[in-house]
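**Student:** Please see the structure below; I have some questions.
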Amino acid sequence: MNTYPFIIIISIILIIMWAYAAISKLIELEKFKQALATQVFPVWMGKILVWLLPVIELGIVALLLFKNTQIMGMYASFVMMLLFTLYVGGAVYNIYERHPCACGGLFAKLGWKKHFQVNVFFTLLSMVGLVLLENIVM
């Protein structure tokens with residue numbers, strides 16, 4: 001069975017998600033800076049992440065766009081989504097000493113539980129894309 005059409009669909013969905021995530025952060029940069037300042041990690045880390053996250057997200061978009069870098073993009077997508085999902089899971093299951101605020105955009109309106117569910121979906125989608133791509137490469 002030719003799985004490449006599924007890989008293309010998965011890649012397009014992930015490209016849209018990562019592009020939205022990066023562009024919304026950059027458009028509402030001040031809100032994003034404020035949201036990062038209220039997270040459970042140190043303030044200095046937020047000052048780095050304010051630029052690093054959108055750059056990484058746009059980098060993932062670029063990697064997913066081209067067939068010869070698609071597998072790297074899928075790995076990067078999976079790792080980033082896994083990290084985001086674990087972080088959001090910490091908020092959902094009250095692991096942190098204080099409750100962080102949602103990062104803004106669509107997710108601020110969803111709440112932590114739905115945000116977690118969306119993240120799990122995109123993590124699994126990245127994993128499926130990765131498995132399909134690995135099977136083509138091998």
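As shown in the structure tokens, the chain order sets the letters A, B, ...; within each chain, residues go from 1, and ligands are also counted from 1 in the order they appear.
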Contacts between stretch 82-103 of chain A and stretch 24-51 of chain A, please, where a residue of stretch 24-51 of chain A counts if it comes within 10 Å (with only C-alpha atoms); show its shortest atom pair and distance in Å to one decimal, rows by chain and ascending number, as JSON lines.
**Tutor:**
```
{"residue": "A:Lys25", "atom": "CA", "partner": "A:Cys103", "partner_atom": "CA", "distance": 8.7}
{"residue": "A:Lys31", "atom": "CA", "partner": "A:Cys103", "partner_atom": "CA", "distance": 8.3}
{"residue": "A:Phe32", "atom": "CA", "partner": "A:Cys103", "partner_atom": "CA", "distance": 6.5}
{"residue": "A:Lys33", "atom": "CA", "partner": "A:Cys103", "partner_atom": "CA", "distance": 9.2}
{"residue": "A:Gln34", "atom": "CA", "partner": "A:Cys103", "partner_atom": "CA", "distance": 8.9}
{"residue": "A:Ala35", "atom": "CA", "partner": "A:Cys103", "partner_atom": "CA", "distance": 5.4}
{"residue": "A:Leu36", "atom": "CA", "partner": "A:Cys103", "partner_atom": "CA", "distance": 7.2}
{"residue": "A:Ala37", "atom": "CA", "partner": "A:Pro100", "partner_atom": "CA", "distance": 9.5}
{"residue": "A:Thr38", "atom": "CA", "partner": "A:Pro100", "partner_atom": "CA", "distance": 6.1}
{"residue": "A:Gln39", "atom": "CA", "partner": "A:Pro100", "partner_atom": "CA", "distance": 4.8}
{"residue": "A:Val40", "atom": "CA", "partner": "A:Pro100", "partner_atom": "CA", "distance": 6.0}
{"residue": "A:Phe41", "atom": "CA", "partner": "A:Pro100", "partner_atom": "CA", "distance": 9.4}
```
**Student:** Take the residues that were just selected and, keeping N, CA and C atoms, output them as a PDB file, in the first residue's frame.
**Tutor:**
```
ATOM      1  N   LYS A  25       2.346  33.570  18.012  1.00  0.00           N
ATOM      2  CA  LYS A  25       3.283  34.050  19.036  1.00  0.00           C
ATOM      3  C   LYS A  25       3.940  35.354  18.589  1.00  0.00           C
ATOM      4  N   LYS A  31       1.890  39.693  24.471  1.00  0.00           N
ATOM      5  CA  LYS A  31       1.077  38.732  25.226  1.00  0.00           C
ATOM      6  C   LYS A  31       1.864  37.449  25.475  1.00  0.00           C
ATOM      7  N   PHE A  32       2.607  37.005  24.458  1.00  0.00           N
ATOM      8  CA  PHE A  32       3.407  35.794  24.584  1.00  0.00           C
ATOM      9  C   PHE A  32       4.499  35.986  25.640  1.00  0.00           C
ATOM     10  N   LYS A  33       5.152  37.143  25.629  1.00  0.00           N
ATOM     11  CA  LYS A  33       6.175  37.442  26.648  1.00  0.00           C
ATOM     12  C   LYS A  33       5.562  37.398  28.048  1.00  0.00           C
ATOM     13  N   GLN A  34       4.397  38.003  28.200  1.00  0.00           N
ATOM     14  CA  GLN A  34       3.712  38.007  29.497  1.00  0.00           C
ATOM     15  C   GLN A  34       3.333  36.598  29.921  1.00  0.00           C
ATOM     16  N   ALA A  35       2.843  35.806  28.979  1.00  0.00           N
ATOM     17  CA  ALA A  35       2.461  34.425  29.293  1.00  0.00           C
ATOM     18  C   ALA A  35       3.680  33.622  29.739  1.00  0.00           C
ATOM     19  N   LEU A  36       4.808  33.797  29.063  1.00  0.00           N
ATOM     20  CA  LEU A  36       6.024  33.077  29.445  1.00  0.00           C
ATOM     21  C   LEU A  36       6.530  33.517  30.813  1.00  0.00           C
ATOM     22  N   ALA A  37       6.319  34.780  31.151  1.00  0.00           N
ATOM     23  CA  ALA A  37       6.763  35.287  32.452  1.00  0.00           C
ATOM     24  C   ALA A  37       5.982  34.669  33.605  1.00  0.00           C
ATOM     25  N   THR A  38       4.812  34.101  33.320  1.00  0.00           N
ATOM     26  CA  THR A  38       3.984  33.521  34.387  1.00  0.00           C
ATOM     27  C   THR A  38       4.087  31.999  34.449  1.00  0.00           C
ATOM     28  N   GLN A  39       4.961  31.429  33.638  1.00  0.00           N
ATOM     29  CA  GLN A  39       5.096  29.964  33.631  1.00  0.00           C
ATOM     30  C   GLN A  39       5.888  29.486  34.844  1.00  0.00           C
ATOM     31  N   VAL A  40       5.948  28.183  34.994  1.00  0.00           N
ATOM     32  CA  VAL A  40       6.574  27.606  36.184  1.00  0.00           C
ATOM     33  C   VAL A  40       8.097  27.516  36.078  1.00  0.00           C
ATOM     34  N   PHE A  41       8.650  27.806  34.914  1.00  0.00           N
ATOM     35  CA  PHE A  41      10.097  27.786  34.773  1.00  0.00           C
ATOM     36  C   PHE A  41      10.671  29.180  35.069  1.00  0.00           C
TER      37      PHE A  41
END
```
**Student:** Looking only at the backbone, which of the residues in stretch 70-134 of chain A does DSSP tag as alpha helix (DSSP H), as a short mmCIF file (atom, residue, chain, number, x, y, z; two decimals) with N, CA and C atoms, in the first residue's frame?
**Tutor:**
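Saved result, selection_11.cif, follows:
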```cif
data_model
loop_
_atom_site.label_atom_id
_atom_site.label_comp_id
_atom_site.auth_asym_id
_atom_site.auth_seq_id
_atom_site.Cartn_x
_atom_site.Cartn_y
_atom_site.Cartn_z
N GLN A 70 11.87 15.91 5.33
CA GLN A 70 10.59 15.61 5.98
C GLN A 70 10.75 14.73 7.22
N ILE A 71 11.63 13.76 7.16
CA ILE A 71 11.79 12.85 8.30
C ILE A 71 12.38 13.60 9.50
N MET A 72 13.32 14.53 9.25
CA MET A 72 13.85 15.34 10.35
C MET A 72 12.76 16.23 10.93
N GLY A 73 11.92 16.77 10.06
CA GLY A 73 10.80 17.60 10.51
C GLY A 73 9.80 16.81 11.33
N MET A 74 9.57 15.56 10.94
CA MET A 74 8.63 14.71 11.68
C MET A 74 9.21 14.35 13.05
N TYR A 75 10.52 14.05 13.10
CA TYR A 75 11.17 13.80 14.39
C TYR A 75 11.08 15.04 15.28
N ALA A 76 11.39 16.20 14.71
CA ALA A 76 11.34 17.45 15.48
C ALA A 76 9.92 17.73 15.96
N SER A 77 8.95 17.49 15.10
CA SER A 77 7.55 17.69 15.46
C SER A 77 7.16 16.78 16.62
N PHE A 78 7.54 15.52 16.52
CA PHE A 78 7.22 14.56 17.57
C PHE A 78 7.86 14.96 18.90
N VAL A 79 9.14 15.30 18.87
CA VAL A 79 9.84 15.66 20.12
C VAL A 79 9.23 16.91 20.74
N MET A 80 9.00 17.94 19.92
CA MET A 80 8.42 19.19 20.45
C MET A 80 7.01 18.94 20.99
N MET A 81 6.21 18.19 20.27
CA MET A 81 4.85 17.92 20.75
C MET A 81 4.88 17.10 22.02
N LEU A 82 5.80 16.16 22.12
CA LEU A 82 5.92 15.36 23.34
C LEU A 82 6.29 16.26 24.52
N LEU A 83 7.24 17.17 24.33
CA LEU A 83 7.64 18.09 25.40
C LEU A 83 6.48 19.00 25.80
N PHE A 84 5.79 19.57 24.80
CA PHE A 84 4.64 20.43 25.10
C PHE A 84 3.54 19.64 25.82
N THR A 85 3.30 18.42 25.39
CA THR A 85 2.26 17.59 26.00
C THR A 85 2.59 17.26 27.45
N LEU A 86 3.85 16.94 27.70
CA LEU A 86 4.27 16.67 29.09
C LEU A 86 4.11 17.91 29.95
N TYR A 87 4.46 19.08 29.41
CA TYR A 87 4.33 20.33 30.16
C TYR A 87 2.86 20.63 30.47
N VAL A 88 2.02 20.52 29.46
CA VAL A 88 0.59 20.78 29.65
C VAL A 88 -0.01 19.72 30.58
N GLY A 89 0.44 18.48 30.45
CA GLY A 89 -0.01 17.42 31.36
C GLY A 89 0.30 17.75 32.81
N GLY A 90 1.45 18.38 33.03
CA GLY A 90 1.80 18.82 34.39
C GLY A 90 0.80 19.82 34.94
N ALA A 91 0.30 20.70 34.08
CA ALA A 91 -0.72 21.67 34.51
C ALA A 91 -2.06 20.98 34.77
N VAL A 92 -2.42 20.04 33.89
CA VAL A 92 -3.70 19.33 34.04
C VAL A 92 -3.73 18.51 35.33
N GLY A 105 -3.62 32.65 22.29
CA GLY A 105 -4.21 32.14 21.05
C GLY A 105 -5.40 31.26 21.33
N LEU A 106 -5.59 30.28 20.53
CA LEU A 106 -6.70 29.34 20.64
C LEU A 106 -6.66 28.57 21.95
N PHE A 107 -5.45 28.21 22.40
CA PHE A 107 -5.32 27.36 23.58
C PHE A 107 -5.74 28.06 24.87
N ALA A 108 -5.62 29.36 24.94
CA ALA A 108 -6.07 30.09 26.13
C ALA A 108 -7.57 29.94 26.30
N LYS A 109 -8.29 29.80 25.20
CA LYS A 109 -9.74 29.66 25.24
C LYS A 109 -10.18 28.22 25.52
N LEU A 110 -9.32 27.26 25.21
CA LEU A 110 -9.68 25.85 25.37
C LEU A 110 -9.64 25.38 26.82
N TRP A 112 -6.93 23.93 30.04
CA TRP A 112 -5.82 22.98 30.11
C TRP A 112 -6.19 21.57 29.67
N LYS A 113 -7.37 21.08 30.04
CA LYS A 113 -7.73 19.69 29.69
C LYS A 113 -7.88 19.51 28.19
N LYS A 114 -8.57 20.43 27.53
CA LYS A 114 -8.72 20.33 26.08
C LYS A 114 -7.39 20.59 25.38
N HIS A 115 -6.61 21.51 25.93
CA HIS A 115 -5.27 21.77 25.40
C HIS A 115 -4.45 20.47 25.44
N PHE A 116 -4.54 19.76 26.54
CA PHE A 116 -3.83 18.49 26.69
C PHE A 116 -4.30 17.48 25.64
N GLN A 117 -5.60 17.38 25.44
CA GLN A 117 -6.15 16.45 24.46
C GLN A 117 -5.68 16.79 23.04
N VAL A 118 -5.68 18.08 22.71
CA VAL A 118 -5.20 18.52 21.39
C VAL A 118 -3.72 18.16 21.25
N ASN A 119 -2.94 18.40 22.29
CA ASN A 119 -1.51 18.07 22.24
C ASN A 119 -1.28 16.57 22.07
N VAL A 120 -2.05 15.77 22.77
CA VAL A 120 -1.92 14.31 22.63
C VAL A 120 -2.22 13.93 21.18
N PHE A 121 -3.27 14.51 20.61
CA PHE A 121 -3.62 14.22 19.21
C PHE A 121 -2.45 14.54 18.28
N PHE A 122 -1.87 15.75 18.41
CA PHE A 122 -0.77 16.15 17.52
C PHE A 122 0.50 15.35 17.79
N THR A 123 0.70 14.92 19.02
CA THR A 123 1.85 14.06 19.33
C THR A 123 1.68 12.72 18.63
N LEU A 124 0.49 12.14 18.74
CA LEU A 124 0.21 10.85 18.08
C LEU A 124 0.27 10.99 16.56
N LEU A 125 -0.23 12.10 16.04
CA LEU A 125 -0.18 12.33 14.60
C LEU A 125 1.27 12.39 14.11
N SER A 126 2.12 13.08 14.86
CA SER A 126 3.55 13.15 14.52
C SER A 126 4.18 11.76 14.58
N MET A 127 3.78 10.98 15.57
CA MET A 127 4.32 9.63 15.71
C MET A 127 3.90 8.75 14.53
N VAL A 128 2.66 8.85 14.12
CA VAL A 128 2.18 8.07 12.97
C VAL A 128 2.95 8.49 11.72
N GLY A 129 3.10 9.79 11.51
CA GLY A 129 3.86 10.28 10.37
C GLY A 129 5.29 9.78 10.38
N LEU A 130 5.88 9.74 11.56
CA LEU A 130 7.25 9.26 11.71
C LEU A 130 7.35 7.78 11.37
N VAL A 131 6.42 6.99 11.87
CA VAL A 131 6.41 5.55 11.59
C VAL A 131 6.24 5.31 10.09
N LEU A 132 5.32 6.04 9.46
CA LEU A 132 5.10 5.88 8.02
C LEU A 132 6.35 6.27 7.23
N LEU A 133 6.98 7.37 7.61
CA LEU A 133 8.19 7.79 6.92
C LEU A 133 9.34 6.82 7.13
N GLU A 134 9.48 6.31 8.35
CA GLU A 134 10.55 5.34 8.64
C GLU A 134 10.36 4.07 7.81
#
```
**Student:** Report as a list of chain:residue names all protein, DNA and RNA residues lying within 7 Å of A:Ser11, evaluated on only C-alpha atoms, omitting residues in the same chain fewer than 4 positions from it.
**Tutor:**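 Residues near the query, excluding close chain neighbours: A:Ile7, A:Ile15, A:Leu64.
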**Student:** Smallest atom-to-atom distance to A:Met17: which of A:Leu53, A:Ile136, A:Ile60, A:Met1, using only C-alpha atoms?
**Tutor:**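 Ranked by minimum distance to A:Met17, first place goes to A:Ile60.
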**Student:** Quick one: distance from atom CA of A:Lys47 to atom CA of A:Thr69 in Å, one decimal?
**Tutor:** 29.3 Å
**Student:** Give me the residues within 7 Å of A:Leu58 as a list in words, counting only C-alpha atoms and dropping any in the same chain fewer than 5 places off.
**Tutor:**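 These residues fall inside the cut-off: Trp18, Ala19 and Ala22 of chain A.
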**Student:** I need the residue nearest A:Ile12 from this list: A:Gly111, A:Glu28, A:Pro54, A:Ala62. Use only C-alpha atoms for the distance.
**Tutor:**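 Of A:Gly111, A:Glu28, A:Pro54, A:Ala62, the one nearest A:Ile12, counting only C-alpha atoms, is A:Ala62.
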